[in-house]
$ cat entry34.cif   # mmCIF, C-alpha atoms and all ligand atoms
data_model
loop_
_atom_site.label_atom_id
_atom_site.label_comp_id
_atom_site.auth_asym_id
_atom_site.auth_seq_id
_atom_site.Cartn_x
_atom_site.Cartn_y
_atom_site.Cartn_z
CA MET P 1 3.58 21.84 0.18
CA LYS P 2 1.08 19.02 0.50
CA THR P 3 -1.73 19.32 2.99
CA ILE P 4 -3.46 16.38 4.57
CA LEU P 5 -6.50 16.94 6.73
CA ILE P 6 -7.46 14.29 9.25
CA ALA P 7 -11.15 14.61 9.99
CA ASN P 8 -14.14 12.92 11.51
CA PRO P 9 -16.48 14.85 13.77
CA LYS P 10 -16.99 11.75 15.93
CA GLY P 11 -14.92 12.16 19.08
CA GLY P 12 -12.23 9.60 19.74
CA SER P 13 -12.21 8.17 16.22
CA GLY P 14 -8.39 8.26 16.07
CA LYS P 15 -7.70 11.60 14.37
CA THR P 16 -4.87 12.74 16.62
CA THR P 17 -3.29 9.29 16.64
CA LEU P 18 -3.30 9.28 12.86
CA ALA P 19 -2.11 12.90 12.55
CA THR P 20 0.81 12.53 14.96
CA ASN P 21 1.97 9.27 13.40
CA LEU P 22 1.74 10.70 9.89
CA ALA P 23 3.73 13.75 10.94
CA GLY P 24 6.30 11.39 12.46
CA TYR P 25 6.44 9.41 9.24
CA PHE P 26 7.13 12.45 7.04
CA ALA P 27 9.72 13.73 9.52
CA SER P 28 11.44 10.32 9.59
CA ARG P 29 11.78 10.61 5.80
CA GLY P 30 13.56 13.95 6.14
CA GLY P 31 10.63 16.15 5.13
CA ARG P 32 9.90 19.53 6.71
CA VAL P 33 6.67 18.90 8.57
CA LEU P 34 4.16 21.23 10.11
CA LEU P 35 1.56 19.69 12.41
CA ALA P 36 -1.42 22.02 12.70
CA ASP P 37 -3.66 21.48 15.69
CA LEU P 38 -7.16 22.90 15.18
CA ASP P 39 -8.45 21.32 18.38
CA ARG P 40 -8.83 23.45 21.52
CA GLN P 41 -8.01 20.35 23.52
CA ARG P 42 -4.53 20.64 22.03
CA SER P 43 -3.77 16.92 22.09
CA ALA P 44 -1.48 17.10 19.06
CA SER P 45 0.32 20.16 20.46
CA ASP P 46 0.78 18.40 23.79
CA TRP P 47 2.17 15.36 22.00
CA LEU P 48 4.62 17.60 20.22
CA SER P 49 5.72 19.18 23.49
CA ARG P 50 6.55 15.69 24.77
CA ARG P 51 8.55 14.84 21.66
CA PRO P 52 12.23 14.21 22.44
CA ALA P 53 14.43 16.91 20.89
CA ALA P 54 16.81 14.37 19.34
CA LEU P 55 14.11 13.01 17.00
CA PRO P 56 13.43 14.35 13.48
CA ALA P 57 11.82 17.76 13.92
CA ILE P 58 8.12 18.42 13.58
CA HIS P 59 6.99 22.04 13.75
CA GLY P 60 3.77 22.86 15.51
CA TRP P 61 1.02 25.30 14.75
CA ASN P 62 -2.15 25.94 16.74
CA SER P 63 -4.65 28.72 17.29
CA GLN P 64 -2.28 30.41 19.74
CA SER P 65 0.57 30.50 17.23
CA ASP P 66 1.23 33.51 15.03
CA LYS P 67 -1.46 33.20 12.36
CA LYS P 68 0.55 34.44 9.41
CA SER P 69 3.92 32.93 9.98
CA MET P 70 3.04 29.23 10.20
CA GLY P 71 5.88 29.18 12.68
CA GLY P 72 8.23 30.56 10.03
CA VAL P 73 8.33 27.14 8.42
CA LYS P 74 7.89 26.44 4.73
CA PRO P 75 6.83 22.85 5.07
CA ASP P 76 6.89 20.05 2.55
CA TRP P 77 3.98 18.51 4.41
CA LEU P 78 1.22 20.10 6.42
CA VAL P 79 -0.67 17.59 8.55
CA VAL P 80 -3.84 19.03 10.05
CA ASP P 81 -5.45 17.47 13.12
CA SER P 82 -9.04 18.59 13.44
CA PRO P 83 -11.37 18.59 16.45
CA ALA P 84 -14.43 16.49 17.22
CA GLY P 85 -17.60 18.15 16.02
CA MET P 86 -16.03 20.03 13.11
CA HIS P 87 -18.90 20.89 10.74
CA GLY P 88 -20.18 23.70 8.58
CA ASP P 89 -17.95 26.70 7.98
CA LYS P 90 -15.11 25.28 10.03
CA LEU P 91 -15.08 22.18 7.88
CA SER P 92 -15.30 24.22 4.67
CA ASN P 93 -12.39 26.39 5.82
CA ALA P 94 -10.24 23.41 6.72
CA LEU P 95 -10.99 21.86 3.33
CA LYS P 96 -9.88 25.00 1.47
CA ARG P 97 -6.25 24.18 2.14
CA ALA P 98 -6.36 20.40 1.88
CA GLU P 99 -5.42 18.22 -1.03
CA ARG P 100 -6.24 15.05 0.82
CA VAL P 101 -8.57 14.10 3.59
CA ILE P 102 -8.27 10.95 5.65
CA VAL P 103 -11.26 9.83 7.68
CA PRO P 104 -10.56 7.34 10.47
CA VAL P 105 -13.51 5.23 11.62
CA GLN P 106 -13.81 2.87 14.55
CA PRO P 107 -15.81 -0.34 14.43
CA SER P 108 -18.90 0.78 16.30
CA ALA P 109 -22.45 1.60 15.25
CA PHE P 110 -22.22 5.05 16.85
CA ASP P 111 -19.09 5.86 14.89
CA MET P 112 -20.43 4.54 11.62
CA VAL P 113 -23.68 6.54 11.83
CA ALA P 114 -21.77 9.71 12.70
CA THR P 115 -19.31 9.05 9.89
CA ARG P 116 -22.08 8.44 7.35
CA ASN P 117 -23.50 11.88 8.15
CA PHE P 118 -20.06 13.41 7.89
CA LEU P 119 -19.41 11.80 4.50
CA GLU P 120 -22.69 13.25 3.24
CA GLU P 121 -21.52 16.67 4.40
CA LEU P 122 -18.16 16.14 2.72
CA CYS P 123 -19.82 15.09 -0.54
CA ALA P 124 -21.82 18.32 -0.50
CA GLU P 125 -18.56 20.29 -0.67
CA LYS P 126 -17.74 21.43 -4.19
CA SER P 127 -14.05 20.64 -3.86
CA VAL P 128 -14.87 17.04 -2.99
CA ARG P 129 -17.57 16.69 -5.66
CA LYS P 130 -15.20 18.01 -8.29
CA GLU P 131 -12.46 15.70 -7.03
CA LYS P 132 -10.06 18.54 -6.25
CA ILE P 133 -9.69 16.89 -2.88
CA GLU P 134 -9.07 13.19 -2.54
CA VAL P 135 -10.84 11.55 0.34
CA ALA P 136 -9.92 8.16 1.78
CA MET P 137 -11.02 6.12 4.75
CA ILE P 138 -9.20 4.00 7.25
CA GLY P 139 -10.49 1.62 9.91
CA MET P 140 -9.08 2.38 13.35
CA ARG P 141 -8.72 0.04 16.36
CA VAL P 142 -9.93 -2.92 14.35
CA ASP P 143 -9.89 -6.40 15.84
CA ALA P 144 -10.21 -8.60 12.76
CA ARG P 145 -11.77 -11.47 14.73
CA THR P 146 -14.85 -9.54 15.72
CA ARG P 147 -18.30 -9.11 14.23
CA ALA P 148 -17.80 -5.36 14.63
CA ALA P 149 -14.82 -5.54 12.26
CA ALA P 150 -16.94 -7.30 9.63
CA ASP P 151 -19.65 -4.66 10.03
CA LEU P 152 -17.04 -1.93 9.66
CA SER P 153 -15.69 -3.49 6.47
CA SER P 154 -19.18 -3.59 4.95
CA PHE P 155 -19.70 0.01 5.96
CA LEU P 156 -16.37 1.15 4.53
CA ASP P 157 -16.88 -0.76 1.28
CA ALA P 158 -20.19 1.03 0.76
CA ALA P 159 -18.90 4.46 1.75
CA GLY P 160 -17.93 5.51 -1.76
CA PHE P 161 -14.30 6.40 -1.01
CA PRO P 162 -11.18 4.24 -1.14
CA VAL P 163 -10.44 2.25 2.00
CA LEU P 164 -6.70 2.40 2.55
CA THR P 165 -6.13 0.12 5.50
CA LEU P 166 -7.41 -1.21 8.78
CA LEU P 167 -5.20 -0.40 11.74
CA ARG P 168 -5.46 -2.75 14.67
CA ASP P 169 -6.07 -1.85 18.27
CA ALA P 170 -2.59 -1.95 19.79
CA GLN P 171 -1.03 -0.59 22.94
CA ILE P 172 1.96 0.65 21.00
CA TYR P 173 -0.16 3.58 19.76
CA VAL P 174 -0.98 4.51 23.34
CA GLN P 175 2.65 4.20 24.43
CA ALA P 176 3.89 6.25 21.50
CA ALA P 177 1.34 8.98 22.22
CA GLY P 178 2.46 9.20 25.83
CA GLU P 179 6.12 9.59 24.91
CA GLY P 180 5.76 12.08 22.08
CA LEU P 181 6.78 9.43 19.59
CA SER P 182 5.36 8.11 16.36
CA LEU P 183 5.63 4.47 15.37
CA PHE P 184 8.30 5.61 12.91
CA ASP P 185 10.55 6.68 15.79
CA MET P 186 10.44 3.26 17.41
CA ALA P 187 12.55 0.15 16.94
CA PRO P 188 11.33 -1.65 13.79
CA SER P 189 11.21 -4.91 15.75
CA ARG P 190 8.41 -3.43 17.87
CA THR P 191 6.34 -2.12 14.99
CA ALA P 192 6.61 -4.77 12.24
CA ARG P 193 2.91 -5.63 12.29
CA GLU P 194 1.90 -1.97 12.35
CA MET P 195 4.22 -1.13 9.44
CA GLU P 196 2.52 -3.75 7.29
CA GLN P 197 -0.83 -2.16 8.05
CA TRP P 198 0.45 1.38 7.42
CA GLN P 199 2.08 0.61 4.08
CA PRO P 200 -1.00 1.01 1.83
CA LEU P 201 -1.72 4.36 3.48
CA LEU P 202 1.87 5.52 2.92
CA ASP P 203 1.74 4.33 -0.70
CA TRP P 204 -1.41 6.41 -1.25
CA LEU P 205 0.30 9.50 0.13
CA GLU P 206 3.49 9.32 -1.89
N1 LIG H 301 -5.04 1.88 16.80
C1 LIG H 301 -5.17 2.18 18.09
N2 LIG H 301 -4.89 1.26 19.05
C2 LIG H 301 -5.04 1.55 20.35
N3 LIG H 301 -5.48 2.73 20.81
C3 LIG H 301 -5.78 3.68 19.92
C4 LIG H 301 -5.65 3.46 18.52
N4 LIG H 301 -6.04 4.60 17.89
C5 LIG H 301 -6.38 5.47 18.83
N5 LIG H 301 -6.24 4.93 20.06
C6 LIG H 301 -6.57 5.56 21.35
O1 LIG H 301 -7.92 5.95 21.30
C7 LIG H 301 -8.12 7.19 21.95
C8 LIG H 301 -8.74 8.17 20.96
O2 LIG H 301 -7.82 8.40 19.92
P1 LIG H 301 -7.50 9.88 19.41
O3 LIG H 301 -7.26 10.79 20.55
O4 LIG H 301 -6.48 9.74 18.38
O5 LIG H 301 -8.90 10.22 18.75
P2 LIG H 301 -9.42 11.65 18.24
O6 LIG H 301 -10.32 11.39 17.10
O7 LIG H 301 -8.28 12.56 18.03
O8 LIG H 301 -10.26 12.14 19.51
P3 LIG H 301 -10.90 13.62 19.67
O9 LIG H 301 -12.13 13.61 18.79
O10 LIG H 301 -11.24 13.68 21.12
O11 LIG H 301 -9.87 14.60 19.23
C9 LIG H 301 -6.74 7.63 22.44
O12 LIG H 301 -6.62 7.26 23.80
C10 LIG H 301 -5.78 6.83 21.58
O13 LIG H 301 -4.56 6.57 22.25
MG MG H 302 -7.95 14.50 18.72
#

$ encode --input "entry34.cif" --output "C-alpha cells"
Amino acid sequence: MKTILIANPKGGSGKTTLATNLAGYFASRGGRVLLADLDRQRSASDWLSRRPAALPAIHGWNSQSDKKSMGGVKPDWLVVDSPAGMHGDKLSNALKRAERVIVPVQPSAFDMVATRNFLEELCAEKSVRKEKIEVAMIGMRVDARTRAAADLSSFLDAAGFPVLTLLRDAQIYVQAAGEGLSLFDMAPSRTAREMEQWQPLLDWLE
C-alpha cells in the first residue's frame, strides 16, 4: 500500500480537491483506493457520498469509521485528506503513515506565508529530514497571466522541495466536486488542458 498525505494547514488551499481527484485517478486505473478524511468538516466523505455507484469504486474512511478495519479494504493506495490547521502531534501522526506528502499552495501572500511556516514544521520532522518521506509542492488555482502567479513561482522555486505542477483555476474542478466526480471520470474532451497539467504529478506518483 502506498500512502499519500495531502497537507497544508492553510484553509482552502485545495487539499480536498487534490485528494478527491487523486483518489479518482487511482480508481480509474483499477487500483483499490481508500480515501481517508481526517477533516471534521467531512468534505471528502461528502464528495464520496455523492459519487455515482457506476464509477470505479473508492472506499472511504473517516473518524466515524471503524478504526481498525480501514473499512475492511486492503488498498493499493491510501489517499489522506487532512484538515486546515493540522499542526503538532496531529501532523506527526499523519506523517507516520505517509510515504509522500503533497502540499498545494495558492497564489496569495497569505497562503505563501502560512505555507512557509508549515514547510519549516515539516522540515523539523525526522522522517522528512531523513528523506523517508518525499515532499512535493503544487501550485493551485494559478492564473499564469497574473503577477500573483509569478510570485508563487518564485516562492515555490525557493521552497526547497520539488514543484510538480501548477494547476489552473478552472470551473471543472468545482463541477466535479459537486457531482462526486474526479476529472478522471469525465469525458477526455472536457479535461484535455487539465490532463496536461496533471501529468507531471502522476509521473511523480508512479
Ligand atoms: N484548481 C481549482 N480551480 C477552481 N476551483 C478550485 C480549484 N482548486 C480548488 N478549488 C475550489 O477552492 C475551494 C477550496 O478548495 P478545497 O476545498 O479543495 O480546499 P481545502 O484545502 O480542502 O480547504 P479546507 O482547508 O477548508 O479543507 C473549493 O471551493 C474548491 O472547489
Ligand atoms: Mg478540505

$ closest_atom_pairs --input "entry34.cif" --of "chain P" --to "ligand LIG 301 (chain H)" --cutoff "9 Å" --atoms "all atoms listed in the file" --output "Markdown table"
| residue | atom | partner | partner_atom | distance |
| --- | --- | --- | --- | --- |
| P:Ile6 | CA | H:LIG301 | O6 | 8.8 |
| P:Ala7 | CA | H:LIG301 | O6 | 7.8 |
| P:Asn8 | CA | H:LIG301 | O6 | 6.9 |
| P:Pro9 | CA | H:LIG301 | O9 | 6.8 |
| P:Lys10 | CA | H:LIG301 | O9 | 5.9 |
| P:Gly11 | CA | H:LIG301 | O9 | 3.2 |
| P:Gly12 | CA | H:LIG301 | O8 | 3.2 |
| P:Ser13 | CA | H:LIG301 | O6 | 3.8 |
| P:Gly14 | CA | H:LIG301 | O4 | 3.3 |
| P:Lys15 | CA | H:LIG301 | O6 | 3.8 |
| P:Thr16 | CA | H:LIG301 | O7 | 3.7 |
| P:Thr17 | CA | H:LIG301 | O4 | 3.7 |
| P:Leu18 | CA | H:LIG301 | O4 | 6.4 |
| P:Ala19 | CA | H:LIG301 | O4 | 7.9 |
| P:Thr20 | CA | H:LIG301 | O4 | 8.5 |
| P:Asp39 | CA | H:LIG301 | O11 | 6.9 |
| P:Gln41 | CA | H:LIG301 | O11 | 7.4 |
| P:Arg42 | CA | H:LIG301 | O11 | 8.5 |
| P:Ser43 | CA | H:LIG301 | O11 | 7.1 |
| P:Ala44 | CA | H:LIG301 | O7 | 8.2 |
| P:Asp81 | CA | H:LIG301 | O7 | 7.5 |
| P:Ser82 | CA | H:LIG301 | O11 | 7.1 |
| P:Pro83 | CA | H:LIG301 | O11 | 5.1 |
| P:Ala84 | CA | H:LIG301 | O9 | 4.0 |
| P:Gly85 | CA | H:LIG301 | O9 | 7.6 |
| P:Pro104 | CA | H:LIG301 | O6 | 7.8 |
| P:Val105 | CA | H:LIG301 | O6 | 8.8 |
| P:Gln106 | CA | H:LIG301 | N4 | 8.6 |
| P:Gly139 | CA | H:LIG301 | N1 | 8.8 |
| P:Met140 | CA | H:LIG301 | N1 | 5.3 |
| P:Arg141 | CA | H:LIG301 | N1 | 4.1 |
| P:Val142 | CA | H:LIG301 | N1 | 7.3 |
| P:Leu166 | CA | H:LIG301 | N1 | 8.9 |
| P:Leu167 | CA | H:LIG301 | N1 | 5.6 |
| P:Arg168 | CA | H:LIG301 | N1 | 5.1 |
| P:Asp169 | CA | H:LIG301 | N2 | 3.4 |
| P:Ala170 | CA | H:LIG301 | N2 | 4.0 |
| P:Gln171 | CA | H:LIG301 | C2 | 5.2 |
| P:Ile172 | CA | H:LIG301 | C2 | 7.1 |
| P:Tyr173 | CA | H:LIG301 | N2 | 5.3 |
| P:Val174 | CA | H:LIG301 | O13 | 4.3 |
| P:Gln175 | CA | H:LIG301 | O13 | 7.9 |
| P:Ala176 | CA | H:LIG301 | O13 | 8.5 |
| P:Ala177 | CA | H:LIG301 | O13 | 6.4 |
| P:Gly178 | CA | H:LIG301 | O13 | 8.3 |

$ residues_around --input "entry34.cif" --residues "region 73-80 of chain P" --least-positions-apart "6" --cutoff "9 Å" --atoms "all atoms listed in the file" --output "list in words"
Met1, Lys2, Thr3, Ile4, Leu5, Ile6, Ala7, Ala19, Thr20, Leu22, Ala23, Phe26, Gly31, Arg32, Val33, Leu34, Leu35, Ala36, Asp37, Leu38, His59, Ala94 and Ala98 of chain P

$ atom_distance --input "entry34.cif" --atom1 "CA of Ile58 (chain P)" --atom2 "CA of Ser28 (chain P)"
9.6 Å

$ atom_distance --input "entry34.cif" --atom1 "CA of Glu125 (chain P)" --atom2 "CA of Lys96 (chain P)"
10.1 Å

$ closest_residue --input "entry34.cif" --among "P:Val128, P:Ala109, P:Glu179, P:Pro188" --to "Leu152 (chain P)" --atoms "all atoms listed in the file"
P:Ala109

$ closest_atom_pairs --input "entry34.cif" --of "region 51-100 of chain P" --to "region 115-122 of chain P" --cutoff "12 Å" --atoms "only C-alpha atoms" --output "CSV"
residue,atom,partner,partner_atom,distance
P:Ala84,CA,P:Phe118,CA,11.3
P:Gly85,CA,P:Phe118,CA,9.7
P:Met86,CA,P:Phe118,CA,9.3
P:His87,CA,P:Glu121,CA,8.1
P:Gly88,CA,P:Glu121,CA,8.3
P:Asp89,CA,P:Glu121,CA,11.2
P:Leu91,CA,P:Leu122,CA,8.5
P:Ser92,CA,P:Leu122,CA,8.8
P:Ala94,CA,P:Leu122,CA,11.5
P:Leu95,CA,P:Leu122,CA,9.2

$ atom_distance --input "entry34.cif" --atom1 "CA of Pro107 (chain P)" --atom2 "CA of Ala148 (chain P)"
5.4 Å

$ closest_residue --input "entry34.cif" --among "P:Gln199, P:Glu194, P:Asp185, P:Asp111" --to "Ala54 (chain P)" --atoms "all atoms listed in the file"
P:Asp185
